[in-house]
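Just below is one structure, and these are the notes that go with it.
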Amino acid sequence: MNTTDVDAVVNPVASAAANGNGHPGANGHPGSNGHPGSNGHAVAAPRHNRTDGIRLFDKCYSFDVPDKIMDAGVYTFFRAIESAQDPEVIIGGQKLVMLGSNNYLGLTNHPKVKEAAIDAIRKFGSGCAGSRFLNGTMKIHEKLEEKLADFMGKEAAVTFATGFQVNLGTISCLSDRRDVLYLDKQDHACIIDGARLGLGEVRKFRHNDAKDLRRKMEADDVPSDPPGRLIVVDGVYSMEGDICPLPEIVEVAKDFGAAVMVDDAHGIGVMGKGGRGTAEHFGIEKDVHLIMGTFSKSLASVGGFVCGDKRTMYYVKHRARTNVFSAAPSPACVAAASAAVDIVRNEPERRELLWKNTKFMLDGFRSLGFDTCQSETPVIPVLVGEDYVSFGMAKRLHEEGVFVNAVVSPATPPGRALLRTSYMATHTQSHLSFALDKFAKVGREFGVIR
């Protein structure tokens with residue numbers, strides 16, 4: 001693909017984003033819904049019309065950003081995978097090397113994990129038919145919570161139906177009117193939403209900046225009547241793969257009597273000698289009061305948990321609305337996660353392979369001239385600049401046989417669009433070398449590298 005071809009693919013997206021009243025077609029010309037305006041350019045005609053006069057849905061019918069990306073031929077969201085989440089996947093009959101999955105240890109298709117899920121369905125059925133609070137608690141929920149608490153080195157754990165619900169319920173129920181929450185500006189959306197649902201005030205500090213956190217806490221300090229304080233950070237940040245400077249955060253927390261909660265969705269199974277996450281990585285597990293984890297990444301299932309001291313977990317179990325008013329995790333999901341925890345504990349060589357693959361890709365990208373930001377983990381971003389370049393490169397890589405995720409604003413700051421890649425213990429060097437070759441080819445096509 002030459003420069004002219006690249007422009008033909010990606011410039012319509014840039015044009016559409018800048019000029020909200022045009023719908024470029026796949027060939028770069030106005031789409032069938034556009035008609036010439038007085039200046040000769042396409043003027044928008046609504047793609048979809050409601051005629052019942054209900055204003056509420058106007059926003060839904062005028063929402064056309066995905067349509068514009070589709071018209072440009074570079075839409076890569078909601079791709080339907082026809083196989084398991086393995087190092088190679090099938091989409092539309094095409095085989096692709098999967099560099100867009102959070103299946104870090106490669107356990108989603110592990111025989112022991114699948115058999116555990118099947119056995120649980122045979123014994124307990126397909127669902128729990130209610131919330132944990134009422135009729136939905138089964139013995140396998142309690143056994144998994146005991147196993148997770150033991151694995152994480154905490155007194156107790158509470159499981160939830162999704163990782164998002166863990167933060168939404170836990171943070172909101174711990175936040176009363178006199179409390180203050182301190183969030184990293186790049187915290188995951190579920191942390192932000194959990195803080196919004198709580199009654200306390202929210203302060204955001206600069207990303208990974210413990211000095212700015214200290215300044216925020218000093219401004220709130222009332223020695224005679226200090227507020228309750230909770231600092232919530234990601235252990236590993238999901239878009240750029242950088243690690244929270246947790247020892248520095250903990251030091252500030254101690255100075256102000258604050259609790260520390262770590263969302264370790266991307267750290268558990270990956271970080272630390274035993275796979276217990278970021279706090280273990282830094283050797284400060286006793287200084288972190290609450291650790292949240294998800295089942296949907298290294299633990300090969302769906303759901304999540306939070307762990308801490310017994311009384312706090314008792315409180316969360318009874319007060320977190322996403323636990324009390326939501327259906328319990330299904331037996332298959334619970335059993336799969338439990339089997340995955342056993343593998344994490346008993347097969348440390350998987351983590352070693354994961355880190356070997358991570359180093360191979362970090363070295364490979366950097367030797368080609370790609371900017372991988374501050375990543376130190378199996379989440380490796382490739383910074384490409386403008387949103388339309390991210391869309392275009394993701395599409396071209398798909399055509400070349402590599403699945404990656406385009407990440408654009410507002411998920412990243414304007415001008416900092418990237419391709420998010422992530423790695424598995426089960427990737428082979430053949431998979432990774434193939435992907436690097438395709439990145440080199442497409443990166444040069446788009447002028448990201450020379």
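In the structure tokens, chains take letters A, B, ... by order of appearance, with residues numbered from 1 within each chain and ligands from 1 in the order shown.
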Residue neighbourhood Ser131 (chain A), 9 Å, only C-alpha atoms, exclusion window fewer than 6 positions, as a PyMOL selection string: chain A and resi 137+323-329
Dump of C-alpha atoms for the selected residues, as a PDB file, in the first residue's frame:
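Contents of the output file part.pdb:
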ATOM      1  CA  THR A 137     -25.174 -18.480  47.363  1.00  0.00           C
ATOM      2  CA  ASN A 323     -23.695  -7.792  45.241  1.00  0.00           C
ATOM      3  CA  VAL A 324     -27.003  -7.567  47.092  1.00  0.00           C
ATOM      4  CA  PHE A 325     -29.138  -6.703  44.047  1.00  0.00           C
ATOM      5  CA  SER A 326     -27.359  -8.664  41.314  1.00  0.00           C
ATOM      6  CA  ALA A 327     -27.522 -12.339  40.388  1.00  0.00           C
ATOM      7  CA  ALA A 328     -24.737 -14.498  41.782  1.00  0.00           C
ATOM      8  CA  PRO A 329     -21.864 -15.608  39.525  1.00  0.00           C
TER       9      PRO A 329
END
Strand (DSSP E or B) per DSSP on the backbone: members of region 208-405 of chain A, as a PyMOL selection string: chain A and resi 229-234+236+243+259-263+290-294+304-308+327+371+379-385+402-403+405
Long-range neighbours of region 100-104 of chain A as an MDAnalysis selection string, 9 Å cut-off, only C-alpha atoms, 4 positions minimum in chain: chainID A and resid 85:87 108 266 269:270 296:300 351 354 378:379 403:405 420:426
Shell around region 220-237 of chain A at 9 Å using only C-alpha atoms, local window under 4 positions removed, as a PyMOL selection string: chain A and resi 171+174-176+178-184+186-188+191+208+215-216+241-246+249+253+256-267+271+277-279+377+379
Gap from CA of Thr428 (chain A) to CA of Ser83 (chain A) - Å, one decimal: 18.2 Å
Region 145-153 of chain A environment, 12 Å, only C-alpha atoms, sequence neighbours closer than 6 positions dropped, as an NGL selection string: :A and (137-139 or 159-160 or 264 or 268-269 or 272 or 274-280 or 284-295 or 299 or 304-310 or 313 or 317 or 334-335 or 337-346)
Please produce a file of the residues just selected, as a compact mmCIF listing (two decimals), in the first residue's frame, where the atoms kept are N, CA and C atoms.
# COMPACT_ATOMS: atom_id res chain seq x y z
N THR A 137 -26.47 -18.01 46.87
CA THR A 137 -25.17 -18.48 47.36
C THR A 137 -25.11 -20.01 47.34
N MET A 138 -24.11 -20.53 46.66
CA MET A 138 -23.86 -21.97 46.63
C MET A 138 -22.53 -22.25 47.32
N LYS A 139 -22.33 -23.49 47.68
CA LYS A 139 -21.11 -23.86 48.41
C LYS A 139 -19.87 -23.51 47.60
N THR A 159 -16.92 -12.38 46.23
CA THR A 159 -16.99 -12.48 44.78
C THR A 159 -18.20 -11.74 44.24
N PHE A 160 -18.08 -11.26 43.01
CA PHE A 160 -19.14 -10.53 42.31
C PHE A 160 -19.31 -11.13 40.91
N ASP A 264 -6.27 -4.68 40.66
CA ASP A 264 -5.19 -5.45 40.05
C ASP A 264 -5.71 -6.40 38.98
N ILE A 268 -2.96 -9.51 38.68
CA ILE A 268 -3.09 -10.83 39.28
C ILE A 268 -2.86 -11.91 38.22
N GLY A 269 -2.01 -12.88 38.58
CA GLY A 269 -1.61 -13.90 37.63
C GLY A 269 -0.39 -13.53 36.82
N GLY A 272 4.42 -10.37 40.33
CA GLY A 272 4.81 -11.00 41.58
C GLY A 272 5.27 -12.44 41.38
N GLY A 274 4.57 -15.09 43.01
CA GLY A 274 3.48 -16.06 43.13
C GLY A 274 2.27 -15.71 42.30
N GLY A 275 2.34 -14.63 41.51
CA GLY A 275 1.20 -14.22 40.69
C GLY A 275 0.13 -13.49 41.46
N ARG A 276 0.47 -12.98 42.66
CA ARG A 276 -0.54 -12.31 43.48
C ARG A 276 -0.69 -10.83 43.15
N GLY A 277 0.08 -10.33 42.20
CA GLY A 277 -0.16 -8.98 41.71
C GLY A 277 0.87 -7.95 42.10
N THR A 278 0.47 -6.69 41.95
CA THR A 278 1.39 -5.57 42.06
C THR A 278 1.94 -5.40 43.48
N ALA A 279 1.09 -5.59 44.48
CA ALA A 279 1.57 -5.45 45.86
C ALA A 279 2.64 -6.50 46.17
N GLU A 280 2.46 -7.72 45.68
CA GLU A 280 3.49 -8.74 45.87
C GLU A 280 4.75 -8.37 45.10
N ILE A 284 4.90 -5.33 49.33
CA ILE A 284 4.19 -4.49 50.30
C ILE A 284 2.74 -4.93 50.46
N GLU A 285 2.49 -6.23 50.39
CA GLU A 285 1.11 -6.73 50.47
C GLU A 285 0.41 -6.32 51.76
N LYS A 286 1.13 -6.28 52.86
CA LYS A 286 0.50 -5.94 54.15
C LYS A 286 0.11 -4.46 54.23
N ASP A 287 0.68 -3.65 53.36
CA ASP A 287 0.39 -2.21 53.39
C ASP A 287 -0.77 -1.82 52.49
N VAL A 288 -1.29 -2.76 51.73
CA VAL A 288 -2.44 -2.50 50.85
C VAL A 288 -3.67 -3.13 51.49
N HIS A 289 -4.66 -2.31 51.77
CA HIS A 289 -5.80 -2.76 52.55
C HIS A 289 -6.80 -3.58 51.75
N LEU A 290 -7.03 -3.18 50.52
CA LEU A 290 -8.01 -3.87 49.66
C LEU A 290 -7.39 -4.14 48.30
N ILE A 291 -7.56 -5.36 47.81
CA ILE A 291 -7.11 -5.69 46.46
C ILE A 291 -8.29 -6.25 45.69
N MET A 292 -8.52 -5.68 44.53
CA MET A 292 -9.58 -6.13 43.64
C MET A 292 -8.97 -6.93 42.50
N GLY A 293 -9.66 -7.99 42.10
CA GLY A 293 -9.22 -8.77 40.96
C GLY A 293 -10.39 -9.15 40.10
N THR A 294 -10.12 -9.53 38.86
CA THR A 294 -11.16 -9.97 37.95
C THR A 294 -10.89 -11.40 37.53
N PHE A 295 -11.94 -12.11 37.15
CA PHE A 295 -11.79 -13.47 36.63
C PHE A 295 -11.60 -13.48 35.11
N LEU A 299 -7.59 -15.34 35.04
CA LEU A 299 -8.35 -16.42 35.67
C LEU A 299 -9.42 -17.01 34.75
N GLY A 304 -15.52 -11.34 39.39
CA GLY A 304 -14.45 -10.61 40.07
C GLY A 304 -14.55 -10.76 41.56
N PHE A 305 -13.58 -10.20 42.27
CA PHE A 305 -13.55 -10.31 43.73
C PHE A 305 -12.82 -9.13 44.33
N VAL A 306 -13.06 -8.91 45.61
CA VAL A 306 -12.28 -7.98 46.41
C VAL A 306 -11.88 -8.72 47.67
N CYS A 307 -10.68 -8.46 48.18
CA CYS A 307 -10.23 -9.12 49.40
C CYS A 307 -9.64 -8.09 50.36
N GLY A 308 -9.74 -8.40 51.65
CA GLY A 308 -9.24 -7.51 52.70
C GLY A 308 -9.47 -8.15 54.06
N ASP A 309 -9.59 -7.34 55.11
CA ASP A 309 -9.83 -7.89 56.44
C ASP A 309 -11.29 -8.36 56.57
N LYS A 310 -11.53 -9.23 57.53
CA LYS A 310 -12.84 -9.88 57.65
C LYS A 310 -13.99 -8.90 57.85
N MET A 313 -14.78 -6.95 54.66
CA MET A 313 -15.44 -7.82 53.68
C MET A 313 -16.87 -8.15 54.12
N LYS A 317 -19.98 -7.29 51.78
CA LYS A 317 -20.88 -8.38 51.41
C LYS A 317 -22.34 -8.01 51.64
N VAL A 334 -17.67 -19.71 38.36
CA VAL A 334 -17.00 -19.89 39.65
C VAL A 334 -16.02 -21.05 39.59
N ALA A 335 -16.45 -22.17 39.02
CA ALA A 335 -15.59 -23.36 38.96
C ALA A 335 -14.40 -23.13 38.04
N ALA A 337 -12.93 -20.24 37.39
CA ALA A 337 -11.99 -19.35 38.08
C ALA A 337 -11.22 -20.10 39.16
N SER A 338 -11.91 -20.98 39.87
CA SER A 338 -11.25 -21.76 40.92
C SER A 338 -10.15 -22.65 40.34
N ALA A 339 -10.45 -23.30 39.22
CA ALA A 339 -9.43 -24.15 38.57
C ALA A 339 -8.26 -23.31 38.10
N ALA A 340 -8.55 -22.10 37.60
CA ALA A 340 -7.48 -21.22 37.12
C ALA A 340 -6.57 -20.78 38.26
N VAL A 341 -7.14 -20.50 39.44
CA VAL A 341 -6.31 -20.13 40.59
C VAL A 341 -5.34 -21.27 40.92
N ASP A 342 -5.82 -22.50 40.85
CA ASP A 342 -4.94 -23.64 41.11
C ASP A 342 -3.78 -23.68 40.13
N ILE A 343 -4.06 -23.40 38.86
CA ILE A 343 -3.01 -23.43 37.84
C ILE A 343 -2.01 -22.29 38.07
N VAL A 344 -2.53 -21.12 38.41
CA VAL A 344 -1.63 -19.99 38.71
C VAL A 344 -0.65 -20.37 39.82
N ARG A 345 -1.15 -21.04 40.83
CA ARG A 345 -0.31 -21.44 41.96
C ARG A 345 0.68 -22.54 41.59
N ASN A 346 0.23 -23.49 40.79
CA ASN A 346 1.01 -24.70 40.57
C ASN A 346 1.87 -24.69 39.31
Shell around Asn49 (chain A) at 12 Å using only C-alpha atoms, local window under 3 positions removed, as a PyMOL selection string: chain A and resi 45-46+52-55+57-63
Output N, CA and C atoms for every residue in the selection just made, as a PDB file, in the first residue's frame.
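Just written: part_3.pdb:
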ATOM      1  N   ALA A  45     -27.698  14.448   5.786  1.00  0.00           N
ATOM      2  CA  ALA A  45     -29.107  14.104   5.900  1.00  0.00           C
ATOM      3  C   ALA A  45     -29.156  12.984   6.927  1.00  0.00           C
ATOM      4  N   PRO A  46     -30.081  13.070   7.885  1.00  0.00           N
ATOM      5  CA  PRO A  46     -30.101  12.044   8.937  1.00  0.00           C
ATOM      6  C   PRO A  46     -30.186  10.642   8.348  1.00  0.00           C
ATOM      7  N   ASP A  52     -42.156   9.518  15.862  1.00  0.00           N
ATOM      8  CA  ASP A  52     -43.171   9.453  16.915  1.00  0.00           C
ATOM      9  C   ASP A  52     -43.092  10.624  17.888  1.00  0.00           C
ATOM     10  N   GLY A  53     -42.127  11.535  17.678  1.00  0.00           N
ATOM     11  CA  GLY A  53     -42.048  12.737  18.507  1.00  0.00           C
ATOM     12  C   GLY A  53     -41.439  12.527  19.881  1.00  0.00           C
ATOM     13  N   ILE A  54     -40.844  11.380  20.163  1.00  0.00           N
ATOM     14  CA  ILE A  54     -40.232  11.126  21.472  1.00  0.00           C
ATOM     15  C   ILE A  54     -38.795  11.636  21.440  1.00  0.00           C
ATOM     16  N   ARG A  55     -38.552  12.750  22.121  1.00  0.00           N
ATOM     17  CA  ARG A  55     -37.258  13.433  22.052  1.00  0.00           C
ATOM     18  C   ARG A  55     -36.128  12.636  22.688  1.00  0.00           C
ATOM     19  N   PHE A  57     -34.999   9.752  22.429  1.00  0.00           N
ATOM     20  CA  PHE A  57     -34.178   8.901  21.586  1.00  0.00           C
ATOM     21  C   PHE A  57     -33.498   9.651  20.449  1.00  0.00           C
ATOM     22  N   ASP A  58     -33.638  10.983  20.414  1.00  0.00           N
ATOM     23  CA  ASP A  58     -33.007  11.744  19.325  1.00  0.00           C
ATOM     24  C   ASP A  58     -31.499  11.495  19.285  1.00  0.00           C
ATOM     25  N   LYS A  59     -30.885  11.439  20.463  1.00  0.00           N
ATOM     26  CA  LYS A  59     -29.431  11.254  20.521  1.00  0.00           C
ATOM     27  C   LYS A  59     -29.019   9.917  19.904  1.00  0.00           C
ATOM     28  N   CYS A  60     -29.876   8.913  20.042  1.00  0.00           N
ATOM     29  CA  CYS A  60     -29.561   7.592  19.506  1.00  0.00           C
ATOM     30  C   CYS A  60     -29.628   7.593  17.979  1.00  0.00           C
ATOM     31  N   TYR A  61     -30.597   8.309  17.448  1.00  0.00           N
ATOM     32  CA  TYR A  61     -30.798   8.307  15.999  1.00  0.00           C
ATOM     33  C   TYR A  61     -29.828   9.241  15.274  1.00  0.00           C
ATOM     34  N   SER A  62     -29.300  10.246  15.988  1.00  0.00           N
ATOM     35  CA  SER A  62     -28.326  11.150  15.366  1.00  0.00           C
ATOM     36  C   SER A  62     -26.882  10.683  15.574  1.00  0.00           C
ATOM     37  N   PHE A  63     -26.696   9.675  16.419  1.00  0.00           N
ATOM     38  CA  PHE A  63     -25.350   9.160  16.713  1.00  0.00           C
ATOM     39  C   PHE A  63     -24.817   8.418  15.491  1.00  0.00           C
TER      40      PHE A  63
END
Using only C-alpha atoms: which of A:Gly130, A:Phe282, A:Leu368, A:Met239 has the shortest distance to Ser409 (chain A):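 Among the listed residues, the smallest separation from Ser409 (chain A) belongs to A:Met239.
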Region 112-274 of chain A: residues DSSP assigns to alpha helix (DSSP H), reported as a ChimeraX atom specification: /A:112-124,139-152,163-174,189-197,210-220,246-256
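You will find CA of Ile69 (chain A) at 9.0 Å from CA of Tyr388 (chain A).
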Between CA of Leu96 (chain A) and CA of Glu82 (chain A) - distance in Å to one decimal: 11.2 Å
